[in-house]
Amino acid sequence: MSVSTSKIGGTSDDALVKVRNLRFTRGDRVILKDLSLDIPRGKVTAIMGGSGCGKTTLLNLIGGRLHPDGGDVTVDGISVPSLSTKELFELRKRMGMLFQTGALLTDLTVFENVAFPIREHTELPESLLRKVVLMKLETVGLRGACDLMPSELSGGMARRVALARAIALEPMMIMYDEPFTGLDPISKGVIAKLIRELNQTLGITSIVISHDVPETCFISDYAYLLGDGRIIGQGTPKEVQQSKSDYVRQFMDGLPDGPVPYQYPASDYLQDLLRART
Amino acid sequence: MIDAIRNLGRIILEGLERFGRAGLFMFEVMRGTPQLRKRGALVLQQVYGVGVLTLLIILVSGLFVGMVLGLQGYNTLVKFGSEDTLGLLVALSLVRELGPVVTALLFAGRAGSALTAEIGLMKATEQLAGMEMMAVNPLTRVIAPRFYAGVIAMPLLAALFSAIGILGGHLVGVGLLSVDAGAFWSQMQAKVDFYDDIMNGVIKSIVFGVVCTGIAVFEGYDAVPTSEGVARATNRTVVYSSLAVLGLDFILTALMLGEV
Ligand SMILES: Nc1ncnc2c1ncn2[C@@H]1O[C@H](COP(=O)(O)OP(=O)(O)O)[C@@H](O)[C@H]1O
Ligand SMILES: [Mg+2]
């Protein structure tokens, strides 16, 4: 595929992100092998999989923070691995990412955190900026918290502020990295509602990475199941939940052993015990 | 034996690799400098931060170092009956040598380690990654302002150190011992040269500012993003900065005196 044609953008078919035969290794370890998937425009797509199966890695590959060892990722028709830093930054202004930890800037207030990307990328006058920031905070229900510092927020609130920041530049897409992990049921519900609402009212394409099966299935239009470095199941959430595949069943039902072994790969147990450590 | 050689080789290679990374890192920071013009406020804010961290320790240390210089200098000079030159001795020692060097050492321990820890923790808590995903380059937004703030603050702090040190010398020499106040100041005024003495001190402290702050921000940015990694990086900042300052001081002094 030539670079010039791949950068034109705005292809007519409705996949915003296309991952093709993606391969990523760390040292000798293959994290992703031959991964292909499509993220449809304007939908909520879930990517589920166990811890350490490479979900965050996949998001970083889509966002261009990591470089693949093979294959291609295109976002809105633009091939991400072939972009220069400057082009990559232009693309990133159109995508938001919600980090697992929120990643709020700890030396700035909630207000300034949300204002941060706007200040960096636009020249809005202060009065207008204030309105925009308060609107974003109102969307996530935290307008009242605008003067707090990030250290004063609960986990759920921090993630909502991070969400307000992610939508500050009105992106076409948001990638959520484990938005539910470590939250109480109420906060989980709030986040799930927000993801759904942002998708419906603003039409933001959403990728939700998660290992929380019920919440994720509840809000998503389509689901992929990641395991062993590739897609091991896909379909509407209902289809995936009812799939007969061993892999899918193991993940959905939370079985400790199955196609995904309980044991981390190791040499023979008895021999290991008998061998004197040197 | 083979193992030892292999380990040595590995350590040298790793060291060289880090050195290369540091070089590229500084190059990137420098390259973002033009964008810093609209971020003047950020640099000032950081100068203020560094100043708040180090001012007190600099002033207290400067005072004591000056007082010790007064005592020691008087003790020797009085044997030759030339205690009138005490002011000159104190001023030259501070401006040319002790001001820049001790300030840099204190700076590394106080502000440098804090910078490394701050940047390392920003990395560990994904704040830097978050910025990258918001299309903001952390090198220009976080690193460069801190780097230039350190480079600006160092000569200012060294100047303060020397000034308060001279007052300390005066306190001991004129206040406690029997040096004539007029002689103390006039000798200093007559014999301290602006270019040969003061500018040399300023150049030294600018170089130390570049080196100490450079090491501090690099170690933070390059830290392994865990608690242990940040702790190690902080430790390295203090050790490397101190060694670099003492080593460079010899080289700079030799170059400036032109006698080696
Ligand atoms: N910086 C890193 N260095 C080495 N290995 C890493 C690094 N980051 C992640 N990994 C490894 O890559 C694998 C996938 O990680 P990740 O994508 O974070 O998983 P998850 O699906 O839980 O988000 C993990 O097994 C992890 O050990
Ligand atoms: Mg993860």
# chains A, B, ... in the order shown; residues from 1 in each chain; ligands from 1
call {"tool": "interface_residues", "arguments": {"of": "chain A", "to": "chain B", "cutoff": "12 Å", "atoms": "only C-alpha atoms", "output": "MDAnalysis selection string"}}
result
chainID A and resid 59:66 85:108 113:121 123 162:163 165:171 174:175 177
call {"tool": "residues_near_ligand", "arguments": {"ligand": "ligand 2", "cutoff": "10 Å", "atoms": "only C-alpha atoms and all ligand atoms", "output": "number ranges by chain"}}
result
A: 49-59, 99-100, 177-178, 181, 209-211
call {"tool": "select_by_dssp", "arguments": {"residues": "stretch 41-234 of chain B", "states": "alpha helix (DSSP H)", "output": "number ranges by chain"}}
result
B: 41-77, 86-92, 99-107, 113-124, 127-133, 138, 144-170, 181-191, 200-222, 227-234
call {"tool": "closest_residue", "arguments": {"among": "A:Ile39, A:Ile204, A:Val44, A:Leu142", "to": "A:Met157", "atoms": "only C-alpha atoms"}}
result
A:Leu142
call {"tool": "closest_residue", "arguments": {"among": "A:Leu194, A:Ile207, A:Leu226, A:Leu129", "to": "ligand 1", "atoms": "only C-alpha atoms and all ligand atoms"}}
result
A:Leu226
call {"tool": "residues_around", "arguments": {"residues": "A:Arg143", "least_positions_apart": "6", "cutoff": "12 Å", "atoms": "only C-alpha atoms", "output": "number ranges by chain"}}
result
A: 110-111, 114, 130-137, 157, 160-161, 164
call {"tool": "residues_around", "arguments": {"residues": "B:Asp197", "least_positions_apart": "4", "cutoff": "10 Å", "atoms": "only C-alpha atoms", "output": "short mmCIF file (atom, residue, chain, number, x, y, z; two decimals) with N, CA and C atoms, in the first residue's frame"}}
result
data_model
loop_
_atom_site.label_atom_id
_atom_site.label_comp_id
_atom_site.auth_asym_id
_atom_site.auth_seq_id
_atom_site.Cartn_x
_atom_site.Cartn_y
_atom_site.Cartn_z
N ALA B 91 35.94 37.62 48.97
CA ALA B 91 35.16 37.89 47.76
C ALA B 91 35.64 37.01 46.60
N LEU B 92 36.96 36.94 46.42
CA LEU B 92 37.46 36.14 45.29
C LEU B 92 37.12 34.66 45.47
N SER B 93 37.32 34.14 46.68
CA SER B 93 37.01 32.72 46.90
C SER B 93 35.56 32.44 46.56
N LEU B 94 34.68 33.36 46.98
CA LEU B 94 33.26 33.11 46.77
C LEU B 94 32.88 33.28 45.31
N VAL B 95 33.28 34.41 44.73
CA VAL B 95 32.80 34.73 43.39
C VAL B 95 33.35 33.76 42.35
N ARG B 96 34.62 33.40 42.52
CA ARG B 96 35.23 32.56 41.48
C ARG B 96 34.99 31.07 41.70
N GLU B 97 34.92 30.65 42.94
CA GLU B 97 34.95 29.22 43.20
C GLU B 97 33.74 28.72 44.01
N LYS B 191 40.36 45.34 43.72
CA LYS B 191 41.07 44.19 43.14
C LYS B 191 40.17 43.14 42.47
N VAL B 192 38.87 43.21 42.73
CA VAL B 192 38.02 42.22 42.06
C VAL B 192 37.70 42.73 40.66
N ASP B 193 38.10 41.94 39.66
CA ASP B 193 37.92 42.38 38.28
C ASP B 193 36.60 41.88 37.74
N GLY B 201 32.94 33.57 37.17
CA GLY B 201 32.02 32.90 38.10
C GLY B 201 30.65 32.71 37.47
N VAL B 202 30.20 33.75 36.76
CA VAL B 202 28.87 33.65 36.14
C VAL B 202 28.86 32.56 35.07
N MET B 256 40.07 28.86 32.36
CA MET B 256 39.96 30.30 32.62
C MET B 256 41.27 30.88 33.10
#
call {"tool": "closest_residue", "arguments": {"among": "B:Lys204, B:Ser113, B:Pro225, B:Tyr240", "to": "ligand 1", "atoms": "only C-alpha atoms and all ligand atoms"}}
result
B:Pro225
call {"tool": "residues_around", "arguments": {"residues": "A:Arg196", "least_positions_apart": "6", "cutoff": "9 Å", "atoms": "only C-alpha atoms", "output": "VMD selection string"}}
result
chain A and resid 44 206 219 to 220
call {"tool": "atom_distance", "arguments": {"atom1": "atom CA of A:Leu202", "atom2": "atom CA of A:Thr139"}}
result
11.4 Å
call {"tool": "select_by_dssp", "arguments": {"residues": "stretch 111-248 of chain A", "states": "strand (DSSP E)", "output": "MDAnalysis selection string"}}
result
chainID A and resid 173:177 205:210 222:227 230:235
call {"tool": "atom_distance", "arguments": {"atom1": "atom CA of B:Gly168", "atom2": "atom CA of B:Leu105"}}
result
19.8 Å
call {"tool": "closest_residue", "arguments": {"among": "A:Ser36, A:Thr25, A:Gln242, A:Ser187", "to": "A:Arg159", "atoms": "only C-alpha atoms"}}
result
A:Ser187
call {"tool": "closest_residue", "arguments": {"among": "B:Arg236, B:Arg146, B:Arg31, B:His170", "to": "B:Val210", "atoms": "only C-alpha atoms"}}
result
B:Arg146
call {"tool": "decode", "arguments": {"residues": "stretch 84-189 of chain A", "atoms": "C-alpha atoms", "output": "tab-separated table (two decimals), in the first residue's frame"}}
result
chain	number	residue	atom	x	y	z
A	84	SER	CA	5.59	12.07	11.06
A	85	THR	CA	5.42	13.40	14.62
A	86	LYS	CA	3.76	16.58	13.41
A	87	GLU	CA	1.10	14.77	11.39
A	88	LEU	CA	0.54	12.41	14.28
A	89	PHE	CA	-0.09	15.34	16.63
A	90	GLU	CA	-2.60	16.77	14.13
A	91	LEU	CA	-4.43	13.45	14.10
A	92	ARG	CA	-4.37	13.17	17.88
A	93	LYS	CA	-6.20	16.47	18.22
A	94	ARG	CA	-9.13	14.59	16.73
A	95	MET	CA	-8.93	11.63	19.08
A	96	GLY	CA	-9.29	11.52	22.83
A	97	MET	CA	-7.99	8.89	25.15
A	98	LEU	CA	-9.12	8.15	28.66
A	99	PHE	CA	-6.29	6.55	30.57
A	100	GLN	CA	-6.75	3.80	33.10
A	101	THR	CA	-5.62	6.16	35.89
A	102	GLY	CA	-7.20	9.31	34.50
A	103	ALA	CA	-3.74	10.86	34.04
A	104	LEU	CA	-4.87	14.29	35.26
A	105	LEU	CA	-2.12	16.86	35.67
A	106	THR	CA	-1.68	16.90	39.43
A	107	ASP	CA	-0.39	20.47	39.65
A	108	LEU	CA	-3.47	21.98	37.97
A	109	THR	CA	-7.05	22.38	39.22
A	110	VAL	CA	-9.92	20.48	37.67
A	111	PHE	CA	-10.82	23.58	35.66
A	112	GLU	CA	-7.28	24.04	34.38
A	113	ASN	CA	-7.01	20.36	33.52
A	114	VAL	CA	-10.03	20.59	31.25
A	115	ALA	CA	-8.82	23.92	29.88
A	116	PHE	CA	-5.37	22.47	29.19
A	117	PRO	CA	-5.87	21.05	25.68
A	118	ILE	CA	-7.95	24.08	24.68
A	119	ARG	CA	-5.26	26.50	25.84
A	120	GLU	CA	-2.60	24.47	24.07
A	121	HIS	CA	-4.32	24.22	20.73
A	122	THR	CA	-6.57	27.24	20.38
A	123	GLU	CA	-6.41	30.96	21.09
A	124	LEU	CA	-9.84	31.26	22.69
A	125	PRO	CA	-10.32	34.42	24.74
A	126	GLU	CA	-10.50	33.75	28.47
A	127	SER	CA	-14.24	34.47	28.82
A	128	LEU	CA	-15.15	32.04	26.05
A	129	LEU	CA	-12.71	29.46	27.33
A	130	ARG	CA	-14.37	29.60	30.72
A	131	LYS	CA	-17.77	28.93	29.18
A	132	VAL	CA	-16.49	26.01	27.14
A	133	VAL	CA	-14.75	24.42	30.12
A	134	LEU	CA	-17.78	24.81	32.37
A	135	MET	CA	-19.95	23.27	29.67
A	136	LYS	CA	-17.65	20.25	29.42
A	137	LEU	CA	-17.64	19.88	33.19
A	138	GLU	CA	-21.42	20.20	33.30
A	139	THR	CA	-21.63	17.36	30.77
A	140	VAL	CA	-19.93	15.05	33.26
A	141	GLY	CA	-21.79	16.58	36.20
A	142	LEU	CA	-18.76	18.11	37.89
A	143	ARG	CA	-19.14	21.83	37.27
A	144	GLY	CA	-19.22	22.29	41.03
A	145	ALA	CA	-15.82	20.64	41.42
A	146	CYS	CA	-13.98	23.00	39.10
A	147	ASP	CA	-11.76	24.49	41.81
A	148	LEU	CA	-10.69	21.20	43.37
A	149	MET	CA	-7.26	19.71	42.88
A	150	PRO	CA	-7.02	16.20	41.32
A	151	SER	CA	-5.78	14.81	44.65
A	152	GLU	CA	-9.12	15.79	46.21
A	153	LEU	CA	-11.18	13.73	43.77
A	154	SER	CA	-12.43	10.18	44.16
A	155	GLY	CA	-11.47	7.63	41.51
A	156	GLY	CA	-14.78	7.96	39.71
A	157	MET	CA	-14.71	11.76	39.75
A	158	ALA	CA	-11.14	11.81	38.45
A	159	ARG	CA	-12.19	9.67	35.54
A	160	ARG	CA	-15.12	11.95	34.78
A	161	VAL	CA	-12.83	14.98	34.79
A	162	ALA	CA	-10.47	13.12	32.46
A	163	LEU	CA	-13.48	12.44	30.26
A	164	ALA	CA	-14.40	16.13	30.22
A	165	ARG	CA	-10.82	16.85	29.20
A	166	ALA	CA	-10.92	14.20	26.49
A	167	ILE	CA	-13.98	15.83	24.89
A	168	ALA	CA	-12.62	19.36	25.27
A	169	LEU	CA	-11.44	19.53	21.66
A	170	GLU	CA	-14.59	17.77	20.41
A	171	PRO	CA	-12.83	14.71	19.02
A	172	MET	CA	-14.28	12.32	16.47
A	173	MET	CA	-13.29	9.35	18.60
A	174	ILE	CA	-12.51	8.48	22.21
A	175	MET	CA	-10.56	5.46	23.39
A	176	TYR	CA	-11.46	4.36	26.89
A	177	ASP	CA	-8.82	2.25	28.63
A	178	GLU	CA	-10.56	0.19	31.32
A	179	PRO	CA	-13.02	2.92	32.28
A	180	PHE	CA	-14.69	0.75	34.94
A	181	THR	CA	-11.73	-0.80	36.68
A	182	GLY	CA	-11.50	0.00	40.36
A	183	LEU	CA	-14.81	1.84	40.61
A	184	ASP	CA	-17.79	1.23	42.87
A	185	PRO	CA	-21.05	0.12	41.20
A	186	ILE	CA	-22.58	3.60	41.23
A	187	SER	CA	-19.54	5.22	39.62
A	188	LYS	CA	-19.44	2.40	37.08
A	189	GLY	CA	-23.03	3.17	36.19
